[in-house]
Protein chains: 2
Amino acid sequence: MSKLIVQKFGGSSVANANKIKNVASRVAGYKKNGYDVVVVVSAPGDTTDDLLKFAAKISSNPPEREMDMLLATGEQMSVALLAMALNEIGCKAISMTGWQVGIVSDKSHTKARIVNIKADKIRQELKKDKVVVVAGFQGMTPEQDITTLGRGGSDLTAVALAKTLNANECEIYTDVEGIYTTDPRIEPKAKKIDEITYDEMLEMASLGAQVMQARSIELAKKFDVPIHVRSSFSKTKGTMIVKEVRRMEDTVVTGVTLNKNEAKMTICDVPDEPGVAAKIFKELSIGGINIDMIVQNVSQKRKTDISFTINKSDQPKAMKLLKEVADDLSAGDVFEDDNIARISIVGVGMKSHHGVAALMFETLAKHGINIEMISTSDISISCIIDKDKSEEAVRALHDKFGLDKK
Amino acid sequence: MSKLIVQKFGGSSVANANKIKNVASRVAGYKKNGYDVVVVVSAPGDTTDDLLKFAAKISSNPPEREMDMLLATGEQMSVALLAMALNEIGCKAISMTGWQVGIVSDKSHTKARIVNIKADKIRQELKKDKVVVVAGFQGMTPEQDITTLGRGGSDLTAVALAKTLNANECEIYTDVEGIYTTDPRIEPKAKKIDEITYDEMLEMASLGAQVMQARSIELAKKFDVPIHVRSSFSKTKGTMIVKEVRRMEDTVVTGVTLNKNEAKMTICDVPDEPGVAAKIFKELSIGGINIDMIVQNVSQKRKTDISFTINKSDQPKAMKLLKEVADDLSAGDVFEDDNIARISIVGVGMKSHHGVAALMFETLAKHGINIEMISTSDISISCIIDKDKSEEAVRALHDKFGLDKK
């Protein structure tokens, strides 16, 4: 039996006719080498943005069902065009939308979750020796309404198909060579990571590395689907995302990430009573605002200050809500600060090494960088610092933890 | 029970956000006046052309299944956007693709024929008091492959839905006020026709009036679906296409049509034997070339000349095929002439009136216009004439048959 590979190409890889031909020739190469191939593609280039703009001209608050109906056209274009390109170079191929595959989702339009995948049609076409080109990012409810799977949805489609079809490999093609120890635009000495665990990648993804969305990594972790993240422009091996890495024992930190898209909100002189924090964050949650780090200072005179970080895009809404809550609670002033950045070090090695946090704080201190908030997990430590010094901090930590020496 | 109306809007009516809003406000008006409304829309503006161009850059001969997959996205965009626009102005609406409606077609991709329509989902949504916005031009095979219905396919969708849903009215919106006695750009005195029969409209459609495709009129005739062709930019009544018209007895000619897109091909000195014509036209048919008029001259010395007209776009292909056939048959030269036009007069009244043809020929003769070929049907007479004089001929016939005096 042939080995089955699932390959996912993002929007920039299918942005125009030449790029689509490029993808076709890569896919055909795998087919020629004896693989069964299922290709998942996103909408071409700016298509999704263009559709969103068109919709915005018509309605400020369009029904989400109709939004999904509109956006799903982007991937449908890609699959048809890529199937054409494959057939053109003599590689038999057939395209399928999400609903044709049988990707059944719940009804949460614009951010639907996959409930199950039938995939019989894919198996039938693979048996006919065809490459199957599947529209990423989309599904269908049991009532036959088209849904989309939210940001990074095409990665999710690829991982879910790899699991359903029991694929031997799952490749995610991007415009970078793989996952790096840090952003190479900030630290030119950044190195490509050969292997990274799901957990590390989850921290990297949620902390700002933009290669893959957390959801698809969670899914890959759940079903133990090994993922190969690599460049669509070269044949070089990229980064394997796996359950456990075969790494030298002394690697403590795997990567440094930076997120400049957060803002810090502070609500002062909050009564230090049970239920107060709950009230504040419940209001924000109802307002649809995601909270990242939370810090509550030690209470003085039965009053306390609460600080937390959110995505900058939620800042005006959060400010309005917080002022209302502050009034309700007879709390003090509300402050916002968007001149901050979140810097994090990530690594499974931290679990068994002491002093990693201390080394991080010391390194920042040596560079005169003040730490405003701290948050830790099993395999990461994050600090909120002055945005203006954040890139310097990335380079300092990258150097201190020896990430340029792999 | 509410009256049900099916309204079809073409691509130019949904070409941009403002035009879509315009359509929405018209549709909402009908809903407010107590109608149940099903709207059929085409792809926005140049979308279909843009998709065709994109595909052409990838493959000179793309699989037709993939072409349908690609083109069907255009109408899906339109329905989503129009449903958004309707909801935005407080008119509940839901969009549906061809497959969601249950428009089942045969497998002839790019020119599929509708086999049946389930339409239960439409009925359900109408009961919920929603306007249902249906993607025109598309269907699905029993194997769940997306098909398109060929040129004028959205009209076909509208007529088929009007029949299936037993609609009280079927409106086809265009950028003109209705069907005219002739092209107003050629004869400014042209009058809008209030009522026209299916048969007359079929002649007008196939003879060059570009408002509706013949297929949808044939379907409307078969199931006796009255059609109202009218402008999307005004509230004026347009033209009713019906089984029988209530017209003054003395109307003999209903319209004059002109088609400048034909070319005349002649193959000389063909052996005048049984099976020769069959061979010629079989070869052309295999080549996918549609023949319009055919004229065979009286035989002299066992040789004859055969002339026929085809669409200009088929000219190079036809020329090549004809030369091969001429060689095979040991016939003489092959000539092509694209400086011709087909002018026709159409009217059910002709059936019971004599001398109509004579009056037509006489009128052309008075203007010094030579007739190269003649063809007649029950309700039409067509002549091939010099293209340079064809517009003059239209005005002369329009005047002679009193079409400006309605």
# chains A, B, ... in the order shown; residues from 1 in each chain; ligands from 1
$ select_by_dssp --residues "stretch 206-261 of chain B" --states "strand (DSSP E)" --output "list in words"
Ile227, His228, Val229, Arg230, Ser231, Thr239, Met240, Ile241, Val242, Gly255, Val256, Thr257, Leu258 and Asn259 of chain B
$ write_last_selection --atoms "C-alpha atoms" --output "JSON list (two decimals), in the first residue's frame"
[["chain", "number", "residue", "atom", "x", "y", "z"],
["B", 227, "ILE", "CA", -42.37, 35.80, -17.52],
["B", 228, "HIS", "CA", -42.10, 39.51, -16.89],
["B", 229, "VAL", "CA", -38.91, 40.99, -18.37],
["B", 230, "ARG", "CA", -38.28, 44.42, -16.84],
["B", 231, "SER", "CA", -35.66, 46.93, -15.78],
["B", 239, "THR", "CA", -42.63, 42.93, -21.43],
["B", 240, "MET", "CA", -44.77, 39.91, -20.57],
["B", 241, "ILE", "CA", -43.73, 36.67, -22.28],
["B", 242, "VAL", "CA", -46.84, 34.50, -22.44],
["B", 255, "GLY", "CA", -40.08, 42.74, -34.11],
["B", 256, "VAL", "CA", -37.04, 43.10, -36.32],
["B", 257, "THR", "CA", -33.77, 41.51, -35.20],
["B", 258, "LEU", "CA", -30.23, 41.83, -36.45],
["B", 259, "ASN", "CA", -27.27, 39.52, -35.90]]
$ interface_residues --of "chain A" --to "chain B" --cutoff "10 Å" --atoms "only C-alpha atoms" --output "PyMOL selection string"
chain A and resi 16-18+20-21+51+54-89+93-97+99-100+121+143-146
$ residues_around --residues "A:Ser206" --least-positions-apart "6" --cutoff "10 Å" --atoms "only C-alpha atoms" --output "PyMOL selection string"
chain A and resi 212-215+257+259+292
$ residues_around --residues "stretch 181-183 of chain B" --least-positions-apart "4" --cutoff "7 Å" --atoms "only C-alpha atoms" --output "PyMOL selection string"
chain B and resi 187+190-193+254-257+403
$ atom_distance --atom1 "atom CA of B:Asp404" --atom2 "atom CA of B:Gln210"
20.5 Å
$ atom_distance --atom1 "atom CA of A:Ala331" --atom2 "atom CA of A:Ile371"
25.4 Å
$ select_by_dssp --residues "stretch 50-265 of chain B" --states "helix (DSSP H, G or I)" --output "ChimeraX atom specification"
/B:50-58,64-88,98-101,120-127,153-164,198-206,214-223
$ write_last_selection --atoms "C-alpha atoms" --output "PDB file, in the first residue's frame"
ATOM      1  CA  ASP B  50     -12.182  37.166 -14.136  1.00  0.00           C
ATOM      2  CA  LEU B  51     -12.406  33.535 -13.029  1.00  0.00           C
ATOM      3  CA  LEU B  52     -12.229  32.354 -16.642  1.00  0.00           C
ATOM      4  CA  LYS B  53      -9.102  34.456 -17.175  1.00  0.00           C
ATOM      5  CA  PHE B  54      -7.503  33.063 -14.005  1.00  0.00           C
ATOM      6  CA  ALA B  55      -8.214  29.507 -15.177  1.00  0.00           C
ATOM      7  CA  ALA B  56      -6.860  30.274 -18.660  1.00  0.00           C
ATOM      8  CA  LYS B  57      -3.518  31.235 -17.111  1.00  0.00           C
ATOM      9  CA  ILE B  58      -3.328  27.789 -15.537  1.00  0.00           C
ATOM     10  CA  GLU B  64     -14.991  20.836 -17.057  1.00  0.00           C
ATOM     11  CA  ARG B  65     -15.814  19.519 -13.594  1.00  0.00           C
ATOM     12  CA  GLU B  66     -13.154  21.820 -12.131  1.00  0.00           C
ATOM     13  CA  MET B  67     -14.364  24.718 -14.277  1.00  0.00           C
ATOM     14  CA  ASP B  68     -17.824  24.338 -12.746  1.00  0.00           C
ATOM     15  CA  MET B  69     -16.329  24.134  -9.266  1.00  0.00           C
ATOM     16  CA  LEU B  70     -14.544  27.418  -9.980  1.00  0.00           C
ATOM     17  CA  LEU B  71     -17.374  29.318 -11.687  1.00  0.00           C
ATOM     18  CA  ALA B  72     -20.007  28.349  -9.112  1.00  0.00           C
ATOM     19  CA  THR B  73     -18.199  30.522  -6.559  1.00  0.00           C
ATOM     20  CA  GLY B  74     -19.387  33.672  -8.348  1.00  0.00           C
ATOM     21  CA  GLU B  75     -23.079  33.126  -7.650  1.00  0.00           C
ATOM     22  CA  GLN B  76     -22.319  31.938  -4.135  1.00  0.00           C
ATOM     23  CA  MET B  77     -20.727  35.331  -3.450  1.00  0.00           C
ATOM     24  CA  SER B  78     -23.766  37.146  -4.829  1.00  0.00           C
ATOM     25  CA  VAL B  79     -26.311  35.278  -2.734  1.00  0.00           C
ATOM     26  CA  ALA B  80     -24.352  35.761   0.491  1.00  0.00           C
ATOM     27  CA  LEU B  81     -23.908  39.486  -0.172  1.00  0.00           C
ATOM     28  CA  LEU B  82     -27.548  40.026  -1.161  1.00  0.00           C
ATOM     29  CA  ALA B  83     -28.768  38.132   1.916  1.00  0.00           C
ATOM     30  CA  MET B  84     -26.543  40.413   4.031  1.00  0.00           C
ATOM     31  CA  ALA B  85     -27.967  43.502   2.333  1.00  0.00           C
ATOM     32  CA  LEU B  86     -31.536  42.313   2.950  1.00  0.00           C
ATOM     33  CA  ASN B  87     -30.914  41.547   6.612  1.00  0.00           C
ATOM     34  CA  GLU B  88     -29.193  44.919   6.961  1.00  0.00           C
ATOM     35  CA  GLY B  98     -27.790  25.321  -6.071  1.00  0.00           C
ATOM     36  CA  TRP B  99     -26.939  22.131  -4.171  1.00  0.00           C
ATOM     37  CA  GLN B 100     -28.490  23.408  -0.954  1.00  0.00           C
ATOM     38  CA  VAL B 101     -31.754  24.050  -2.804  1.00  0.00           C
ATOM     39  CA  ASP B 120     -38.143  21.642   0.289  1.00  0.00           C
ATOM     40  CA  LYS B 121     -35.571  23.839   1.992  1.00  0.00           C
ATOM     41  CA  ILE B 122     -36.908  26.867   0.135  1.00  0.00           C
ATOM     42  CA  ARG B 123     -40.460  26.084   1.266  1.00  0.00           C
ATOM     43  CA  GLN B 124     -39.284  25.704   4.873  1.00  0.00           C
ATOM     44  CA  GLU B 125     -37.546  29.068   4.856  1.00  0.00           C
ATOM     45  CA  LEU B 126     -40.466  30.818   3.148  1.00  0.00           C
ATOM     46  CA  LYS B 127     -42.670  29.540   5.965  1.00  0.00           C
ATOM     47  CA  GLY B 153     -28.312  29.546 -16.684  1.00  0.00           C
ATOM     48  CA  SER B 154     -29.628  31.934 -14.048  1.00  0.00           C
ATOM     49  CA  ASP B 155     -32.742  32.612 -16.127  1.00  0.00           C
ATOM     50  CA  LEU B 156     -33.183  28.871 -16.323  1.00  0.00           C
ATOM     51  CA  THR B 157     -32.906  28.551 -12.535  1.00  0.00           C
ATOM     52  CA  ALA B 158     -35.536  31.264 -12.088  1.00  0.00           C
ATOM     53  CA  VAL B 159     -38.018  29.721 -14.526  1.00  0.00           C
ATOM     54  CA  ALA B 160     -37.491  26.215 -13.127  1.00  0.00           C
ATOM     55  CA  LEU B 161     -38.008  27.444  -9.557  1.00  0.00           C
ATOM     56  CA  ALA B 162     -41.125  29.391 -10.579  1.00  0.00           C
ATOM     57  CA  LYS B 163     -42.529  26.160 -12.007  1.00  0.00           C
ATOM     58  CA  THR B 164     -41.451  23.947  -9.066  1.00  0.00           C
ATOM     59  CA  TYR B 198     -43.025  32.265 -26.141  1.00  0.00           C
ATOM     60  CA  ASP B 199     -42.611  31.312 -29.810  1.00  0.00           C
ATOM     61  CA  GLU B 200     -41.952  34.851 -30.927  1.00  0.00           C
ATOM     62  CA  MET B 201     -39.523  35.350 -28.056  1.00  0.00           C
ATOM     63  CA  LEU B 202     -37.737  32.135 -28.970  1.00  0.00           C
ATOM     64  CA  GLU B 203     -37.227  33.447 -32.497  1.00  0.00           C
ATOM     65  CA  MET B 204     -36.106  36.809 -31.134  1.00  0.00           C
ATOM     66  CA  ALA B 205     -33.712  35.169 -28.685  1.00  0.00           C
ATOM     67  CA  SER B 206     -32.123  32.811 -31.158  1.00  0.00           C
ATOM     68  CA  ALA B 214     -33.611  30.401 -25.721  1.00  0.00           C
ATOM     69  CA  ARG B 215     -33.329  27.533 -23.199  1.00  0.00           C
ATOM     70  CA  SER B 216     -35.131  29.326 -20.400  1.00  0.00           C
ATOM     71  CA  ILE B 217     -37.895  30.465 -22.758  1.00  0.00           C
ATOM     72  CA  GLU B 218     -38.317  26.895 -23.972  1.00  0.00           C
ATOM     73  CA  LEU B 219     -38.679  25.782 -20.365  1.00  0.00           C
ATOM     74  CA  ALA B 220     -41.163  28.564 -19.617  1.00  0.00           C
ATOM     75  CA  LYS B 221     -43.157  27.548 -22.693  1.00  0.00           C
ATOM     76  CA  LYS B 222     -43.123  23.878 -21.736  1.00  0.00           C
ATOM     77  CA  PHE B 223     -44.591  24.579 -18.302  1.00  0.00           C
TER      78      PHE B 223
END
$ residues_around --residues "stretch 280-287 of chain B" --least-positions-apart "2" --cutoff "9 Å" --atoms "only C-alpha atoms" --output "list of chain:residue names"
B:Gly275, B:Val276, B:Ala277, B:Ala278, B:Ile289, B:Asn290, B:Ile291, B:Lys317, B:Ala318, B:Leu321, B:Leu322, B:Val325, B:Ala326
$ residues_around --residues "A:Asn166" --least-positions-apart "6" --cutoff "10 Å" --atoms "only C-alpha atoms" --output "JSON, numbers by chain"
{"A": [3, 4, 5, 6, 160, 225]}
$ write_last_selection --atoms "N, CA and C atoms" --output "PDB file, in the first residue's frame"
ATOM      1  N   LYS A   3       2.172   5.011   0.743  1.00  0.00           N
ATOM      2  CA  LYS A   3       2.177   5.903   1.904  1.00  0.00           C
ATOM      3  C   LYS A   3       1.279   7.085   1.591  1.00  0.00           C
ATOM      4  N   LEU A   4       0.501   7.529   2.582  1.00  0.00           N
ATOM      5  CA  LEU A   4      -0.405   8.653   2.368  1.00  0.00           C
ATOM      6  C   LEU A   4       0.152   9.909   3.030  1.00  0.00           C
ATOM      7  N   ILE A   5       0.195  10.993   2.273  1.00  0.00           N
ATOM      8  CA  ILE A   5       0.663  12.250   2.830  1.00  0.00           C
ATOM      9  C   ILE A   5      -0.411  13.323   2.666  1.00  0.00           C
ATOM     10  N   VAL A   6      -0.617  14.103   3.730  1.00  0.00           N
ATOM     11  CA  VAL A   6      -1.518  15.261   3.654  1.00  0.00           C
ATOM     12  C   VAL A   6      -0.643  16.502   3.632  1.00  0.00           C
ATOM     13  N   ALA A 160      -6.920  17.321  10.838  1.00  0.00           N
ATOM     14  CA  ALA A 160      -8.076  16.441  11.035  1.00  0.00           C
ATOM     15  C   ALA A 160      -8.138  15.378   9.937  1.00  0.00           C
ATOM     16  N   VAL A 225      -0.647  13.350  15.849  1.00  0.00           N
ATOM     17  CA  VAL A 225      -0.342  13.473  14.421  1.00  0.00           C
ATOM     18  C   VAL A 225       0.946  14.285  14.287  1.00  0.00           C
TER      19      VAL A 225
END
$ atom_distance --atom1 "atom CA of B:Glu392" --atom2 "atom CA of B:Glu372"
16.4 Å
$ residues_around --residues "B:Ser380" --least-positions-apart "3" --cutoff "7 Å" --atoms "only C-alpha atoms" --output "NGL selection string"
:B and (344-347 or 376-377)
